[in-house]
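Participant: After the structure tokens below, expect a handful of questions from me.
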Amino acid sequence: MEQMKRFAVYYAPDPGAFADRSASWLGWDAATGMPCPQPTPPGLPRPLADLTAEPRKYGFHGTIKPPFRLAPGTSPDRLAAAVEALAARLAPVTLPGLALTRLGRFLALCPTGDTAPLEHLAAEVVRRLDTHRAALTEAEIARRRPERLTPRQRALLDSYGYPFVMEEFRFHLTLTGPLDPWEIAPTEAAIAAHFAATIPQPFQIKTLCLFGEAQDGTFHLLHRYALTG
């Protein structure tokens, strides 16, 4: 963990068919820290490697606390202990399922049903772990294009290092990079065929997953902590 340049708290699927299918789709298995062969679905507008280039390095995940550098005075071990302790106080979340969704120009799986318990979970993780986050640099702030943010989003960026937390949070599991309009329908069809019956119904978040970003920019699943509160 000492070599990681940033850390994040994500949802990642438990080992099984859904995890295998999602890693295969993106071409990167964060649990093993290894690339994996991607399928060649018929009818795609571009090679799958191109369509998934942007999300690949992150691995298949749903963001709970976005990536951050460690603050002075903390350490990877202290962060891990804090995530473990927090997971022991927070309850797992169960939602009806996941649905393939168009979010702007990209495709993702999004939870169905009442997402308030998930939003509460994410807010608690963001708030409780924020003492471990280093303040943003001017360059990091600039990369978030603050001039395009709403006043509330800018305030969240200043407070928590990311504009889309708290009431601006929307949980999603990214499956593609940005698509042109004509690419969306065939890619949706390929996703549906690839995942088939493996998308969980109901959808459960039973663990908090601590991820680290390696020096090459790829994200790795470091530890999985059960939600037992």
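Residue numbering restarts at 1 for every chain of the structure tokens, chains are lettered A, B, ... in their displayed order, and ligands are numbered from 1 as they appear.
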Tell me, as a PyMOL selection string, which residues lie within 12 Å of Pro13 (chain A), counting only C-alpha atoms; anything in the same chain fewer than 3 positions away does not count.
Facilitator: chain A and resi 10+16-23+29-31+59-62+173+198-200+203-209+221+224
Participant: Deliver the residues from the most recent selection as a file, using N, CA, C and O atoms, as a short mmCIF file (atom, residue, chain, number, x, y, z; two decimals), in the first residue's frame.
Facilitator:
data_model
loop_
_atom_site.label_atom_id
_atom_site.label_comp_id
_atom_site.auth_asym_id
_atom_site.auth_seq_id
_atom_site.Cartn_x
_atom_site.Cartn_y
_atom_site.Cartn_z
N TYR A 10 -14.56 2.38 -2.66
CA TYR A 10 -15.48 2.03 -3.73
C TYR A 10 -16.37 0.87 -3.30
O TYR A 10 -16.06 0.13 -2.36
N GLY A 16 -17.38 -13.71 -8.11
CA GLY A 16 -18.48 -14.46 -8.71
C GLY A 16 -18.71 -14.04 -10.14
O GLY A 16 -17.89 -13.33 -10.74
N ALA A 17 -19.84 -14.44 -10.68
CA ALA A 17 -20.11 -14.24 -12.10
C ALA A 17 -20.19 -12.75 -12.47
O ALA A 17 -19.67 -12.33 -13.51
N PHE A 18 -20.82 -11.94 -11.61
CA PHE A 18 -20.95 -10.53 -11.93
C PHE A 18 -19.58 -9.85 -11.92
O PHE A 18 -19.26 -9.04 -12.81
N ALA A 19 -18.75 -10.18 -10.96
CA ALA A 19 -17.40 -9.62 -10.92
C ALA A 19 -16.59 -10.06 -12.14
O ALA A 19 -15.87 -9.25 -12.74
N ASP A 20 -16.70 -11.31 -12.50
CA ASP A 20 -15.95 -11.81 -13.65
C ASP A 20 -16.39 -11.13 -14.94
O ASP A 20 -15.57 -10.74 -15.78
N ARG A 21 -17.70 -10.99 -15.11
CA ARG A 21 -18.23 -10.36 -16.34
C ARG A 21 -17.83 -8.89 -16.43
O ARG A 21 -17.50 -8.38 -17.50
N SER A 22 -17.89 -8.20 -15.31
CA SER A 22 -17.56 -6.78 -15.32
C SER A 22 -16.08 -6.55 -15.58
O SER A 22 -15.70 -5.64 -16.33
N ALA A 23 -15.22 -7.37 -14.97
CA ALA A 23 -13.78 -7.25 -15.23
C ALA A 23 -13.47 -7.55 -16.69
O ALA A 23 -12.67 -6.86 -17.33
N ASP A 29 -8.95 -6.27 -14.10
CA ASP A 29 -9.46 -6.88 -12.88
C ASP A 29 -8.75 -6.23 -11.70
O ASP A 29 -7.57 -6.52 -11.43
N ALA A 30 -9.44 -5.34 -11.00
CA ALA A 30 -8.82 -4.62 -9.89
C ALA A 30 -8.50 -5.55 -8.72
O ALA A 30 -7.60 -5.25 -7.93
N ALA A 31 -9.23 -6.66 -8.59
CA ALA A 31 -9.00 -7.58 -7.48
C ALA A 31 -7.67 -8.32 -7.64
O ALA A 31 -6.95 -8.56 -6.66
N GLY A 59 -10.98 0.06 -12.87
CA GLY A 59 -11.66 -1.18 -12.55
C GLY A 59 -13.15 -0.94 -12.40
O GLY A 59 -13.62 0.20 -12.28
N PHE A 60 -13.91 -2.01 -12.42
CA PHE A 60 -15.37 -1.90 -12.29
C PHE A 60 -15.69 -1.54 -10.85
O PHE A 60 -15.34 -2.28 -9.92
N HIS A 61 -16.38 -0.44 -10.64
CA HIS A 61 -16.59 0.04 -9.29
C HIS A 61 -17.73 1.06 -9.25
O HIS A 61 -18.11 1.63 -10.27
N GLY A 62 -18.23 1.29 -8.06
CA GLY A 62 -19.10 2.43 -7.78
C GLY A 62 -18.43 3.27 -6.73
O GLY A 62 -18.05 2.79 -5.66
N LEU A 173 -22.11 2.63 -11.89
CA LEU A 173 -21.05 1.69 -12.24
C LEU A 173 -20.76 1.89 -13.73
O LEU A 173 -21.50 1.43 -14.60
N THR A 198 -26.38 -12.07 -15.15
CA THR A 198 -25.43 -11.93 -14.04
C THR A 198 -25.62 -10.65 -13.24
O THR A 198 -25.07 -10.53 -12.14
N ILE A 199 -26.37 -9.66 -13.75
CA ILE A 199 -26.58 -8.43 -13.01
C ILE A 199 -27.43 -8.75 -11.77
O ILE A 199 -28.52 -9.31 -11.90
N PRO A 200 -26.95 -8.40 -10.59
CA PRO A 200 -27.65 -8.85 -9.37
C PRO A 200 -29.00 -8.19 -9.17
O PRO A 200 -29.16 -6.98 -9.34
N PHE A 203 -29.72 -5.83 -5.63
CA PHE A 203 -28.35 -5.34 -5.61
C PHE A 203 -27.99 -5.00 -4.17
O PHE A 203 -28.69 -4.22 -3.52
N GLN A 204 -26.91 -5.59 -3.68
CA GLN A 204 -26.51 -5.39 -2.29
C GLN A 204 -25.10 -4.82 -2.21
O GLN A 204 -24.19 -5.26 -2.94
N ILE A 205 -24.93 -3.86 -1.33
CA ILE A 205 -23.60 -3.37 -0.98
C ILE A 205 -23.32 -3.86 0.43
O ILE A 205 -23.90 -3.37 1.41
N LYS A 206 -22.46 -4.85 0.53
CA LYS A 206 -22.20 -5.51 1.80
C LYS A 206 -20.82 -5.20 2.36
O LYS A 206 -20.51 -5.57 3.49
N THR A 207 -19.98 -4.53 1.54
CA THR A 207 -18.62 -4.22 1.96
C THR A 207 -18.22 -2.83 1.48
O THR A 207 -18.78 -2.30 0.52
N LEU A 208 -17.24 -2.27 2.18
CA LEU A 208 -16.51 -1.11 1.68
C LEU A 208 -15.17 -1.60 1.17
O LEU A 208 -14.46 -2.35 1.87
N CYS A 209 -14.80 -1.19 -0.04
CA CYS A 209 -13.57 -1.65 -0.65
C CYS A 209 -12.57 -0.50 -0.72
O CYS A 209 -12.85 0.54 -1.31
N LEU A 221 -7.77 -3.20 -5.92
CA LEU A 221 -8.55 -3.46 -4.71
C LEU A 221 -7.59 -3.97 -3.64
O LEU A 221 -6.99 -5.04 -3.78
N ARG A 224 -11.13 -5.43 1.56
CA ARG A 224 -12.59 -5.43 1.55
C ARG A 224 -13.07 -5.57 2.99
O ARG A 224 -12.68 -6.51 3.68
#
Participant: Determine, for each residue of region 119-229 of chain A having at least one atom at most 7 Å from an atom of region 63-86 of chain A, the closest pair of atoms and their separation in Å to one decimal, counting only C-alpha atoms; order by chain and ascending number, as JSON lines.
Facilitator:
{"residue": "A:Ala122", "atom": "CA", "partner": "A:Ile64", "partner_atom": "CA", "distance": 5.1}
{"residue": "A:Val125", "atom": "CA", "partner": "A:Lys65", "partner_atom": "CA", "distance": 6.5}
{"residue": "A:Val126", "atom": "CA", "partner": "A:Lys65", "partner_atom": "CA", "distance": 5.3}
{"residue": "A:His132", "atom": "CA", "partner": "A:Ala71", "partner_atom": "CA", "distance": 5.2}
{"residue": "A:Arg133", "atom": "CA", "partner": "A:Ala71", "partner_atom": "CA", "distance": 4.9}
{"residue": "A:Ala134", "atom": "CA", "partner": "A:Ala71", "partner_atom": "CA", "distance": 3.8}
{"residue": "A:Phe171", "atom": "CA", "partner": "A:Thr63", "partner_atom": "CA", "distance": 6.7}
{"residue": "A:Tyr225", "atom": "CA", "partner": "A:Glu84", "partner_atom": "CA", "distance": 5.7}
Participant: To one decimal place in Å, what is the distance between CA of Leu109 (chain A) and CA of Gly177 (chain A)?
Facilitator: 13.3 Å
Participant: Please report, as a count of residues only, each residue of region 12-216 of chain A to which DSSP assigns strand (DSSP E or B) when run on this structure's backbone.
Facilitator: 40
Participant: List as a list in words the protein and nucleic acid residues near region 179-195 of chain A, meaning an atom at most 10 Å away when only C-alpha atoms are counted, but skip any in the same chain fewer than 4 places from it.
Facilitator: Ala17, Phe18, Asp20, Arg21, Ser22, Ser24, Trp25, Pro39, Thr40, Pro41, Pro42, Gly43, Leu44, Pro45, Arg46, Leu48, Leu51, Leu100, Thr101, Arg102, Gly104, Arg105, Phe106, Leu107, Ala108, Leu175 and Ile199 of chain A
Participant: Using DSSP on the backbone, list every residue of region 4-224 of chain A that comes out as alpha helix (DSSP H), and give them as a VMD selection string.
Facilitator: chain A and resid 17 to 26 48 to 51 53 to 56 76 to 89 116 to 128 138 to 143 151 to 160 181 to 195
Participant: Give me, as a ChimeraX atom specification, all polymer residues having an atom no more than 7 Å from Gly229 (chain A), counting only C-alpha atoms and skipping those fewer than 6 positions away in the same chain.
Facilitator: /A:88-91
Participant: The selected residues should be written to file as a tab-separated table (two decimals), in the first residue's frame (atoms: C-alpha atoms).
Facilitator:
chain	number	residue	atom	x	y	z
A	88	ALA	CA	-18.21	-2.01	11.43
A	89	ARG	CA	-20.57	0.88	12.30
A	90	LEU	CA	-22.45	1.15	8.99
A	91	ALA	CA	-25.20	-1.15	7.80
Participant: What's the 8 Å shell around Phe211 (chain A), counting only C-alpha atoms, without same-chain residues fewer than 4 positions away, as number ranges by chain?
Facilitator: A: 7-10, 219-223
Participant: Which residues are close to Thr115 (chain A), i.e. within 8 Å by only C-alpha atoms, leaving aside same-chain residues fewer than 4 positions away? Reply as an MDAnalysis selection string.
Facilitator: chainID A and resid 95 111 119
Participant: Please produce an output containing N, CA, C and O atoms for each residue in the selection, written as an mmCIF file, in the first residue's frame.
Facilitator:
data_model
loop_
_atom_site.group_PDB
_atom_site.id
_atom_site.type_symbol
_atom_site.label_atom_id
_atom_site.label_comp_id
_atom_site.auth_asym_id
_atom_site.auth_seq_id
_atom_site.Cartn_x
_atom_site.Cartn_y
_atom_site.Cartn_z
ATOM 1 N N LEU A 95 -30.884 -2.805 -2.451
ATOM 2 C CA LEU A 95 -31.763 -2.110 -3.387
ATOM 3 C C LEU A 95 -32.341 -3.125 -4.361
ATOM 4 O O LEU A 95 -31.798 -4.238 -4.517
ATOM 5 N N PRO A 111 -28.480 2.016 -9.663
ATOM 6 C CA PRO A 111 -29.433 1.305 -8.799
ATOM 7 C C PRO A 111 -30.858 1.775 -9.022
ATOM 8 O O PRO A 111 -31.109 2.939 -9.356
ATOM 9 N N GLU A 119 -27.259 6.760 -0.345
ATOM 10 C CA GLU A 119 -26.766 8.133 -0.254
ATOM 11 C C GLU A 119 -26.294 8.456 1.159
ATOM 12 O O GLU A 119 -25.282 9.145 1.356
#
Participant: Please provide the set of residues having any atom within 10 Å of Glu168 (chain A), restricted to only C-alpha atoms, with same-chain residues fewer than 4 positions apart removed, written as a list in words.
Facilitator: Glu119, Arg152, Gln153, Leu156, Pro163 and Phe164 of chain A
Participant: Could you dump the residues just selected with N, CA and C atoms as a tab-separated table (two decimals), in the first residue's frame?
Facilitator:
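Saved as result_28.tsv:
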chain	number	residue	atom	x	y	z
A	119	GLU	N	-27.26	6.76	-0.35
A	119	GLU	CA	-26.77	8.13	-0.25
A	119	GLU	C	-26.29	8.46	1.16
A	152	ARG	N	-23.08	25.35	-5.13
A	152	ARG	CA	-23.05	24.26	-4.15
A	152	ARG	C	-21.97	23.25	-4.50
A	153	GLN	N	-21.83	22.90	-5.77
A	153	GLN	CA	-20.79	21.96	-6.17
A	153	GLN	C	-19.40	22.51	-5.88
A	156	LEU	N	-18.77	22.07	-2.23
A	156	LEU	CA	-18.43	20.68	-1.92
A	156	LEU	C	-17.01	20.35	-2.35
A	163	PRO	N	-16.80	17.61	-6.27
A	163	PRO	CA	-18.06	18.36	-6.32
A	163	PRO	C	-19.31	17.51	-6.25
A	164	PHE	N	-19.19	16.19	-6.50
A	164	PHE	CA	-20.39	15.37	-6.62
A	164	PHE	C	-20.51	14.40	-5.46
Participant: Considering only C-alpha atoms, can you say which of A:Arg154, A:Asp130, A:His172, A:Glu138 comes closest to Leu118 (chain A)?
Facilitator: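 Under the stated criterion, the closest residue is A:His172.
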Participant: So how far away is CA of Tyr58 (chain A) from CA of Trp28 (chain A), in Å?
Facilitator: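 So the two atoms, CA of Trp28 (chain A) and CA of Tyr58 (chain A), lie 8.2 Å apart.
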